[in-house]
Each structure stands twice: as structure tokens, then as C-alpha cells.
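Colleague: This is model-v5.cif (mmCIF, N, CA and C atoms).
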data_input
#
loop_
_atom_site.label_atom_id
_atom_site.label_comp_id
_atom_site.auth_asym_id
_atom_site.auth_seq_id
_atom_site.Cartn_x
_atom_site.Cartn_y
_atom_site.Cartn_z
N MET K 1 -140.65 -249.78 43.91
CA MET K 1 -141.30 -250.15 45.12
C MET K 1 -142.53 -249.29 45.28
N ALA K 2 -143.68 -249.92 45.51
CA ALA K 2 -144.96 -249.22 45.66
C ALA K 2 -145.08 -248.70 47.08
N ALA K 3 -145.68 -247.55 47.17
CA ALA K 3 -145.86 -246.95 48.50
C ALA K 3 -147.01 -247.64 49.20
N ARG K 4 -146.82 -247.99 50.47
CA ARG K 4 -147.85 -248.65 51.26
C ARG K 4 -148.62 -247.63 52.06
N ARG K 5 -149.88 -247.74 52.00
CA ARG K 5 -150.72 -246.89 52.83
C ARG K 5 -151.26 -247.71 53.98
N GLY K 6 -151.57 -247.06 55.04
CA GLY K 6 -152.15 -247.77 56.17
C GLY K 6 -151.10 -248.15 57.17
N GLY K 7 -151.57 -248.74 58.22
CA GLY K 7 -150.66 -249.06 59.30
C GLY K 7 -150.28 -250.51 59.30
N VAL K 8 -150.95 -251.28 60.08
CA VAL K 8 -150.58 -252.66 60.34
C VAL K 8 -151.29 -253.57 59.35
N SER K 9 -150.58 -254.54 58.84
CA SER K 9 -151.22 -255.52 57.98
C SER K 9 -151.53 -256.76 58.81
N LEU K 10 -152.67 -257.40 58.48
CA LEU K 10 -153.09 -258.59 59.23
C LEU K 10 -152.34 -259.81 58.70
N PRO K 11 -152.07 -260.76 59.58
CA PRO K 11 -151.39 -261.98 59.11
C PRO K 11 -152.34 -262.83 58.28
N GLU K 12 -151.79 -263.61 57.42
CA GLU K 12 -152.57 -264.51 56.58
C GLU K 12 -153.18 -265.61 57.45
N ARG K 13 -154.34 -266.11 57.02
CA ARG K 13 -154.98 -267.22 57.75
C ARG K 13 -154.23 -268.51 57.47
N ARG K 14 -154.13 -269.29 58.49
CA ARG K 14 -153.42 -270.55 58.32
C ARG K 14 -154.31 -271.62 57.69
N ASP K 15 -155.59 -271.66 58.16
CA ASP K 15 -156.48 -272.70 57.65
C ASP K 15 -157.47 -272.07 56.67
N LYS K 16 -157.09 -272.00 55.41
CA LYS K 16 -157.91 -271.36 54.40
C LYS K 16 -159.14 -272.20 54.06
N GLY K 17 -159.14 -273.46 54.32
CA GLY K 17 -160.28 -274.33 54.03
C GLY K 17 -161.44 -274.05 54.97
N ARG K 18 -161.18 -273.51 56.09
CA ARG K 18 -162.21 -273.25 57.09
C ARG K 18 -162.55 -271.77 57.07
N SER K 19 -163.66 -271.42 56.47
CA SER K 19 -164.00 -270.02 56.35
C SER K 19 -165.02 -269.57 57.40
N GLU K 20 -165.39 -270.46 58.33
CA GLU K 20 -166.35 -270.10 59.38
C GLU K 20 -165.68 -269.26 60.44
N GLY K 21 -166.41 -268.27 60.91
CA GLY K 21 -165.90 -267.46 61.99
C GLY K 21 -166.37 -268.01 63.33
N VAL K 22 -165.91 -267.40 64.40
CA VAL K 22 -166.28 -267.84 65.74
C VAL K 22 -167.78 -267.64 65.95
N LEU K 23 -168.30 -266.52 65.54
CA LEU K 23 -169.72 -266.23 65.71
C LEU K 23 -170.58 -267.23 64.94
N SER K 24 -170.15 -267.58 63.75
CA SER K 24 -170.88 -268.55 62.95
C SER K 24 -170.89 -269.93 63.61
N ARG K 25 -169.76 -270.33 64.15
CA ARG K 25 -169.69 -271.64 64.82
C ARG K 25 -170.55 -271.67 66.07
N VAL K 26 -170.52 -270.61 66.87
CA VAL K 26 -171.33 -270.55 68.09
C VAL K 26 -172.80 -270.55 67.72
N SER K 27 -173.17 -269.78 66.70
CA SER K 27 -174.56 -269.71 66.27
C SER K 27 -175.07 -271.07 65.81
N SER K 28 -174.28 -271.79 65.04
CA SER K 28 -174.72 -273.10 64.57
C SER K 28 -174.79 -274.10 65.72
N THR K 29 -173.89 -273.99 66.67
CA THR K 29 -173.92 -274.89 67.83
C THR K 29 -175.18 -274.64 68.65
N ILE K 30 -175.53 -273.38 68.85
CA ILE K 30 -176.73 -273.06 69.64
C ILE K 30 -177.99 -273.48 68.90
N SER K 31 -178.04 -273.25 67.61
CA SER K 31 -179.26 -273.58 66.86
C SER K 31 -179.47 -275.09 66.74
N GLN K 32 -178.44 -275.87 66.93
CA GLN K 32 -178.57 -277.32 66.85
C GLN K 32 -178.69 -277.97 68.23
N SER K 33 -178.84 -277.17 69.27
CA SER K 33 -178.92 -277.74 70.62
C SER K 33 -180.31 -278.34 70.86
N PRO K 34 -180.41 -279.31 71.75
CA PRO K 34 -181.71 -279.95 72.02
C PRO K 34 -182.71 -278.98 72.65
N ILE K 35 -182.25 -278.00 73.39
CA ILE K 35 -183.16 -277.04 74.02
C ILE K 35 -183.86 -276.21 72.96
N VAL K 36 -183.13 -275.78 71.95
CA VAL K 36 -183.72 -275.00 70.86
C VAL K 36 -184.69 -275.87 70.08
N PHE K 37 -184.34 -277.13 69.86
CA PHE K 37 -185.22 -278.05 69.15
C PHE K 37 -186.52 -278.23 69.91
N GLN K 38 -186.45 -278.43 71.23
CA GLN K 38 -187.65 -278.60 72.04
C GLN K 38 -188.49 -277.32 72.06
N GLY K 39 -187.83 -276.18 72.09
CA GLY K 39 -188.56 -274.90 72.05
C GLY K 39 -189.30 -274.72 70.74
N LYS K 40 -188.64 -275.07 69.64
CA LYS K 40 -189.30 -274.96 68.33
C LYS K 40 -190.48 -275.91 68.25
N ARG K 41 -190.30 -277.12 68.77
CA ARG K 41 -191.40 -278.10 68.74
C ARG K 41 -192.56 -277.63 69.60
N ALA K 42 -192.27 -277.06 70.78
CA ALA K 42 -193.33 -276.55 71.65
C ALA K 42 -194.07 -275.39 70.99
N ALA K 43 -193.34 -274.51 70.32
CA ALA K 43 -193.97 -273.39 69.63
C ALA K 43 -194.85 -273.89 68.49
N SER K 44 -194.38 -274.90 67.79
CA SER K 44 -195.15 -275.48 66.69
C SER K 44 -196.43 -276.13 67.21
N ASP K 45 -196.31 -276.87 68.32
CA ASP K 45 -197.49 -277.49 68.93
C ASP K 45 -198.48 -276.44 69.42
N ALA K 46 -197.99 -275.37 70.01
CA ALA K 46 -198.86 -274.31 70.50
C ALA K 46 -199.58 -273.63 69.34
N ALA K 47 -198.89 -273.42 68.24
CA ALA K 47 -199.52 -272.81 67.06
C ALA K 47 -200.60 -273.73 66.48
N PHE K 48 -200.33 -275.03 66.47
CA PHE K 48 -201.31 -276.00 65.98
C PHE K 48 -202.56 -275.99 66.84
N VAL K 49 -202.39 -276.00 68.16
CA VAL K 49 -203.52 -275.99 69.08
C VAL K 49 -204.31 -274.68 68.94
N ALA K 50 -203.61 -273.56 68.81
CA ALA K 50 -204.29 -272.27 68.66
C ALA K 50 -205.10 -272.24 67.37
N LYS K 51 -204.54 -272.80 66.30
CA LYS K 51 -205.25 -272.83 65.03
C LYS K 51 -206.52 -273.67 65.14
N LYS K 52 -206.41 -274.84 65.78
CA LYS K 52 -207.58 -275.70 65.95
C LYS K 52 -208.63 -275.03 66.83
N LEU K 53 -208.18 -274.35 67.89
CA LEU K 53 -209.09 -273.67 68.80
C LEU K 53 -209.83 -272.55 68.08
N LEU K 54 -209.10 -271.76 67.30
CA LEU K 54 -209.75 -270.68 66.55
C LEU K 54 -210.74 -271.22 65.53
N LYS K 55 -210.37 -272.33 64.90
CA LYS K 55 -211.26 -272.92 63.91
C LYS K 55 -212.54 -273.42 64.56
N SER K 56 -212.42 -274.13 65.69
CA SER K 56 -213.61 -274.65 66.36
C SER K 56 -214.42 -273.53 66.99
N THR K 57 -213.76 -272.47 67.47
CA THR K 57 -214.47 -271.33 68.03
C THR K 57 -215.25 -270.63 66.93
N GLY K 58 -214.68 -270.51 65.77
CA GLY K 58 -215.38 -269.91 64.64
C GLY K 58 -216.60 -270.71 64.23
N LYS K 59 -216.46 -272.03 64.24
CA LYS K 59 -217.60 -272.88 63.92
C LYS K 59 -218.71 -272.72 64.96
N ALA K 60 -218.32 -272.68 66.24
CA ALA K 60 -219.32 -272.52 67.30
C ALA K 60 -220.00 -271.16 67.20
N ALA K 61 -219.27 -270.12 66.88
CA ALA K 61 -219.85 -268.79 66.72
C ALA K 61 -220.82 -268.77 65.54
N TRP K 62 -220.47 -269.44 64.47
CA TRP K 62 -221.35 -269.50 63.31
C TRP K 62 -222.65 -270.23 63.66
N ILE K 63 -222.54 -271.34 64.38
CA ILE K 63 -223.73 -272.10 64.78
C ILE K 63 -224.61 -271.26 65.70
N ALA K 64 -224.00 -270.59 66.68
CA ALA K 64 -224.77 -269.76 67.61
C ALA K 64 -225.45 -268.60 66.87
N GLY K 65 -224.74 -267.96 65.95
CA GLY K 65 -225.32 -266.85 65.20
C GLY K 65 -226.47 -267.29 64.31
N THR K 66 -226.30 -268.40 63.64
CA THR K 66 -227.34 -268.92 62.77
C THR K 66 -228.57 -269.32 63.58
N THR K 67 -228.36 -269.97 64.70
CA THR K 67 -229.47 -270.36 65.57
C THR K 67 -230.22 -269.14 66.06
N PHE K 68 -229.49 -268.10 66.43
CA PHE K 68 -230.11 -266.86 66.89
C PHE K 68 -230.97 -266.26 65.79
N LEU K 69 -230.44 -266.21 64.56
CA LEU K 69 -231.19 -265.64 63.44
C LEU K 69 -232.45 -266.44 63.13
N ILE K 70 -232.38 -267.74 63.21
CA ILE K 70 -233.51 -268.58 62.83
C ILE K 70 -234.57 -268.63 63.92
N LEU K 71 -234.17 -268.68 65.19
CA LEU K 71 -235.13 -268.88 66.27
C LEU K 71 -235.52 -267.59 67.00
N VAL K 72 -234.59 -266.74 67.30
CA VAL K 72 -234.85 -265.61 68.18
C VAL K 72 -235.35 -264.38 67.43
N VAL K 73 -234.79 -264.08 66.29
CA VAL K 73 -235.18 -262.87 65.55
C VAL K 73 -236.65 -262.91 65.15
N PRO K 74 -237.19 -264.00 64.61
CA PRO K 74 -238.64 -264.02 64.32
C PRO K 74 -239.49 -263.85 65.58
N LEU K 75 -239.05 -264.39 66.69
CA LEU K 75 -239.78 -264.21 67.95
C LEU K 75 -239.82 -262.74 68.36
N ILE K 76 -238.71 -262.06 68.23
CA ILE K 76 -238.64 -260.63 68.58
C ILE K 76 -239.55 -259.83 67.65
N ILE K 77 -239.53 -260.15 66.36
CA ILE K 77 -240.37 -259.44 65.40
C ILE K 77 -241.85 -259.65 65.73
N GLU K 78 -242.24 -260.87 66.04
CA GLU K 78 -243.64 -261.16 66.37
C GLU K 78 -244.07 -260.46 67.65
N MET K 79 -243.20 -260.44 68.64
CA MET K 79 -243.54 -259.74 69.90
C MET K 79 -243.71 -258.24 69.64
N ASP K 80 -242.89 -257.66 68.78
CA ASP K 80 -243.01 -256.25 68.45
C ASP K 80 -244.31 -255.97 67.72
N ARG K 81 -244.68 -256.84 66.78
CA ARG K 81 -245.96 -256.67 66.07
C ARG K 81 -247.14 -256.72 67.04
N GLU K 82 -247.10 -257.67 67.95
CA GLU K 82 -248.20 -257.81 68.92
C GLU K 82 -248.30 -256.57 69.81
N GLN K 83 -247.17 -256.04 70.22
CA GLN K 83 -247.17 -254.83 71.04
C GLN K 83 -247.73 -253.65 70.26
N GLN K 84 -247.36 -253.51 69.00
CA GLN K 84 -247.89 -252.42 68.17
C GLN K 84 -249.40 -252.57 67.98
N LEU K 85 -249.86 -253.81 67.78
CA LEU K 85 -251.29 -254.06 67.62
C LEU K 85 -252.05 -253.70 68.90
N ASN K 86 -251.52 -254.05 70.06
CA ASN K 86 -252.15 -253.71 71.33
C ASN K 86 -252.21 -252.20 71.52
N GLU K 87 -251.14 -251.51 71.19
CA GLU K 87 -251.13 -250.05 71.31
C GLU K 87 -252.14 -249.41 70.37
N LEU K 88 -252.27 -249.94 69.15
CA LEU K 88 -253.23 -249.43 68.19
C LEU K 88 -254.66 -249.64 68.70
N GLU K 89 -254.95 -250.80 69.25
CA GLU K 89 -256.29 -251.08 69.80
C GLU K 89 -256.60 -250.15 70.96
N MET K 90 -255.61 -249.89 71.82
CA MET K 90 -255.82 -248.99 72.96
C MET K 90 -256.06 -247.57 72.46
N GLN K 91 -255.37 -247.15 71.41
CA GLN K 91 -255.55 -245.81 70.84
C GLN K 91 -256.95 -245.68 70.24
N GLN K 92 -257.36 -246.70 69.50
CA GLN K 92 -258.69 -246.66 68.89
C GLN K 92 -259.77 -246.66 69.96
N ALA K 93 -259.56 -247.44 71.02
CA ALA K 93 -260.55 -247.49 72.10
C ALA K 93 -260.65 -246.15 72.80
N SER K 94 -259.56 -245.47 72.99
CA SER K 94 -259.61 -244.18 73.66
C SER K 94 -260.25 -243.12 72.77
N LEU K 95 -260.07 -243.23 71.45
CA LEU K 95 -260.71 -242.28 70.52
C LEU K 95 -262.22 -242.50 70.46
N LEU K 96 -262.67 -243.73 70.57
CA LEU K 96 -264.10 -244.05 70.50
C LEU K 96 -264.79 -243.82 71.84
N GLY K 97 -264.06 -243.61 72.87
CA GLY K 97 -264.64 -243.31 74.17
C GLY K 97 -264.89 -244.51 75.04
N THR K 98 -264.51 -245.67 74.62
CA THR K 98 -264.70 -246.83 75.48
C THR K 98 -263.53 -246.91 76.45
N PRO K 99 -263.79 -247.35 77.66
CA PRO K 99 -262.69 -247.47 78.62
C PRO K 99 -261.70 -248.54 78.16
N PRO K 100 -260.42 -248.32 78.44
CA PRO K 100 -259.43 -249.32 78.04
C PRO K 100 -259.66 -250.64 78.79
N VAL K 101 -259.41 -251.67 78.08
CA VAL K 101 -259.62 -253.02 78.65
C VAL K 101 -258.43 -253.32 79.56
N ALA K 102 -258.74 -253.62 80.82
CA ALA K 102 -257.69 -253.96 81.77
C ALA K 102 -257.52 -255.48 81.80
N VAL K 103 -256.36 -255.88 82.08
CA VAL K 103 -256.09 -257.30 82.17
C VAL K 103 -256.67 -257.80 83.48
N ALA K 104 -257.44 -258.84 83.43
CA ALA K 104 -258.08 -259.38 84.63
C ALA K 104 -257.03 -260.04 85.51
N PRO K 105 -257.09 -259.78 86.82
CA PRO K 105 -256.12 -260.44 87.72
C PRO K 105 -256.35 -261.93 87.77
N GLN K 106 -255.29 -262.67 87.80
CA GLN K 106 -255.40 -264.12 87.83
C GLN K 106 -255.51 -264.61 89.26
N LYS K 107 -256.32 -265.66 89.46
CA LYS K 107 -256.53 -266.22 90.80
C LYS K 107 -255.63 -267.37 91.07
#
Show me, as C-alpha cells, the structure contained in the file I just sent.
Modeller:
Amino acid sequence: MAARRGGVSLPERRDKGRSEGVLSRVSSTISQSPIVFQGKRAASDAAFVAKKLLKSTGKAAWIAGTTFLILVVPLIIEMDREQQLNELEMQQASLLGTPPVAVAPQK
């Protein structure tokens, strides 16, 4: 006779064909409920809308940036050149002793 260690032995399972536990059955029941299905569908729809929104926002940002580079940056550069030219003319005029040219008031 072999010596037994331990205390209480568990009874054998009656339904050996069914290996699912209570937690597994509850989990599968909850995951197959219509509320979970609707939640998953809503999350999927929200992700789709967010992806489309980000994509269109990126396109709009690219269009705005390109337009700024093509139209506004050359204008800023030209205005800076004109300002530098005016300052140079005023410097030369002051060195030569001629009074600076004032802008005539408009009527």
C-alpha cells in the first residue's frame, strides 16, 4: 500500500466531455451578446471615421502649406528686399548730405 500525501482528494468529474469551466462559459456568453457586438461595431465605425478625418486633414494641411510656400513666401522675400533697398538709399542719401526724401502726404 502506497503512502498518501495530502489531505482531501477531489471527486472525479461526472461529465468528462465538457471541459469548459464556469468562467469560460460566462465569458463566451458575454462576448456573444448583442451589446458587445454593437459596441465593437461602434468602435470600428469610430476608428474608420477618425482615419478618414485624419487623412483629409492631412491633405488639407498639405494644400495649405504648399499654397503658403508658393504664394506668400516670395511676397515676404520681395518685401524684405524692397525694405533693404529703401534703407540703403536712405543711408547713401545721408552720407552724401542730401535730406532724406519724405513721403508726400496724400490728399
Colleague: Quick one: pull the distance between atom CA of Arg41 of chain K and atom CA of Lys55 of chain K, Å, one decimal.
Modeller: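 Answer for the atom CA of Arg41 of chain K to atom CA of Lys55 of chain K separation: 21.1 Å.
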Colleague: Rounded to one decimal in Å, what is the spacing between atom CA of Glu87 of chain K and atom N of Val72 of chain K?
Modeller: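 Going from atom CA of Glu87 of chain K over to atom N of Val72 of chain K covers 23.8 Å.
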Colleague: Mind giving me the straight-line distance from atom CA of Val36 of chain K to atom CA of Lys51 of chain K in Å, one decimal?
Modeller: 22.4 Å
Colleague: Rebuild all heavy atoms on segment 88-99 of chain K, as a JSON list (two decimals), in the frame of the given file?
Modeller:
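The resulting result.json:
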[["chain", "number", "residue", "atom", "x", "y", "z"],
["K", 88, "LEU", "N", -252.27, -249.94, 69.15],
["K", 88, "LEU", "CA", -253.23, -249.43, 68.19],
["K", 88, "LEU", "C", -254.66, -249.64, 68.70],
["K", 88, "LEU", "O", -255.50, -248.73, 68.60],
["K", 88, "LEU", "CB", -253.04, -250.11, 66.84],
["K", 88, "LEU", "CG", -253.96, -249.65, 65.70],
["K", 88, "LEU", "CD1", -253.68, -248.19, 65.37],
["K", 88, "LEU", "CD2", -253.77, -250.52, 64.49],
["K", 89, "GLU", "N", -254.95, -250.80, 69.25],
["K", 89, "GLU", "CA", -256.29, -251.08, 69.80],
["K", 89, "GLU", "C", -256.60, -250.15, 70.96],
["K", 89, "GLU", "O", -257.72, -249.64, 71.09],
["K", 89, "GLU", "CB", -256.39, -252.54, 70.24],
["K", 89, "GLU", "CG", -256.50, -253.51, 69.09],
["K", 89, "GLU", "CD", -256.51, -254.96, 69.55],
["K", 89, "GLU", "OE1", -256.35, -255.21, 70.77],
["K", 89, "GLU", "OE2", -256.69, -255.84, 68.71],
["K", 90, "MET", "N", -255.61, -249.89, 71.82],
["K", 90, "MET", "CA", -255.82, -248.99, 72.96],
["K", 90, "MET", "C", -256.06, -247.57, 72.46],
["K", 90, "MET", "O", -256.90, -246.84, 72.99],
["K", 90, "MET", "CB", -254.63, -249.05, 73.90],
["K", 90, "MET", "CG", -254.49, -250.40, 74.51],
["K", 90, "MET", "SD", -253.98, -250.58, 76.19],
["K", 90, "MET", "CE", -253.95, -249.10, 76.98],
["K", 91, "GLN", "N", -255.37, -247.15, 71.41],
["K", 91, "GLN", "CA", -255.55, -245.81, 70.84],
["K", 91, "GLN", "C", -256.95, -245.68, 70.24],
["K", 91, "GLN", "O", -257.65, -244.68, 70.46],
["K", 91, "GLN", "CB", -254.51, -245.59, 69.74],
["K", 91, "GLN", "CG", -253.67, -244.37, 69.94],
["K", 91, "GLN", "CD", -252.65, -244.24, 68.79],
["K", 91, "GLN", "OE1", -252.75, -244.90, 67.76],
["K", 91, "GLN", "NE2", -251.69, -243.37, 69.00],
["K", 92, "GLN", "N", -257.36, -246.70, 69.50],
["K", 92, "GLN", "CA", -258.69, -246.66, 68.89],
["K", 92, "GLN", "C", -259.77, -246.66, 69.96],
["K", 92, "GLN", "O", -260.79, -245.96, 69.83],
["K", 92, "GLN", "CB", -258.88, -247.84, 67.95],
["K", 92, "GLN", "CG", -258.10, -247.72, 66.66],
["K", 92, "GLN", "CD", -258.22, -248.95, 65.78],
["K", 92, "GLN", "OE1", -258.77, -249.97, 66.20],
["K", 92, "GLN", "NE2", -257.71, -248.85, 64.56],
["K", 93, "ALA", "N", -259.56, -247.44, 71.02],
["K", 93, "ALA", "CA", -260.55, -247.49, 72.10],
["K", 93, "ALA", "C", -260.65, -246.15, 72.80],
["K", 93, "ALA", "O", -261.74, -245.71, 73.17],
["K", 93, "ALA", "CB", -260.19, -248.60, 73.09],
["K", 94, "SER", "N", -259.56, -245.47, 72.99],
["K", 94, "SER", "CA", -259.61, -244.18, 73.66],
["K", 94, "SER", "C", -260.25, -243.12, 72.77],
["K", 94, "SER", "O", -260.92, -242.21, 73.25],
["K", 94, "SER", "CB", -258.21, -243.74, 74.09],
["K", 94, "SER", "OG", -257.43, -243.43, 72.97],
["K", 95, "LEU", "N", -260.07, -243.23, 71.45],
["K", 95, "LEU", "CA", -260.71, -242.28, 70.52],
["K", 95, "LEU", "C", -262.22, -242.50, 70.46],
["K", 95, "LEU", "O", -262.99, -241.55, 70.29],
["K", 95, "LEU", "CB", -260.11, -242.42, 69.12],
["K", 95, "LEU", "CG", -258.69, -241.88, 68.94],
["K", 95, "LEU", "CD1", -258.19, -242.20, 67.54],
["K", 95, "LEU", "CD2", -258.63, -240.39, 69.19],
["K", 96, "LEU", "N", -262.67, -243.73, 70.57],
["K", 96, "LEU", "CA", -264.10, -244.05, 70.50],
["K", 96, "LEU", "C", -264.79, -243.82, 71.84],
["K", 96, "LEU", "O", -266.01, -243.87, 71.91],
["K", 96, "LEU", "CB", -264.30, -245.49, 70.04],
["K", 96, "LEU", "CG", -263.83, -245.80, 68.62],
["K", 96, "LEU", "CD1", -263.96, -247.29, 68.34],
["K", 96, "LEU", "CD2", -264.62, -244.98, 67.60],
["K", 97, "GLY", "N", -264.06, -243.61, 72.87],
["K", 97, "GLY", "CA", -264.64, -243.31, 74.17],
["K", 97, "GLY", "C", -264.89, -244.51, 75.04],
["K", 97, "GLY", "O", -265.47, -244.39, 76.12],
["K", 98, "THR", "N", -264.51, -245.67, 74.62],
["K", 98, "THR", "CA", -264.70, -246.83, 75.48],
["K", 98, "THR", "C", -263.53, -246.91, 76.45],
["K", 98, "THR", "O", -262.40, -246.54, 76.13],
["K", 98, "THR", "CB", -264.75, -248.13, 74.66],
["K", 98, "THR", "OG1", -263.55, -248.25, 73.92],
["K", 98, "THR", "CG2", -265.94, -248.12, 73.71],
["K", 99, "PRO", "N", -263.79, -247.35, 77.66],
["K", 99, "PRO", "CA", -262.69, -247.47, 78.62],
["K", 99, "PRO", "C", -261.70, -248.54, 78.16],
["K", 99, "PRO", "O", -262.09, -249.53, 77.56],
["K", 99, "PRO", "CB", -263.38, -247.85, 79.91],
["K", 99, "PRO", "CG", -264.67, -248.45, 79.51],
["K", 99, "PRO", "CD", -265.06, -247.81, 78.20]]
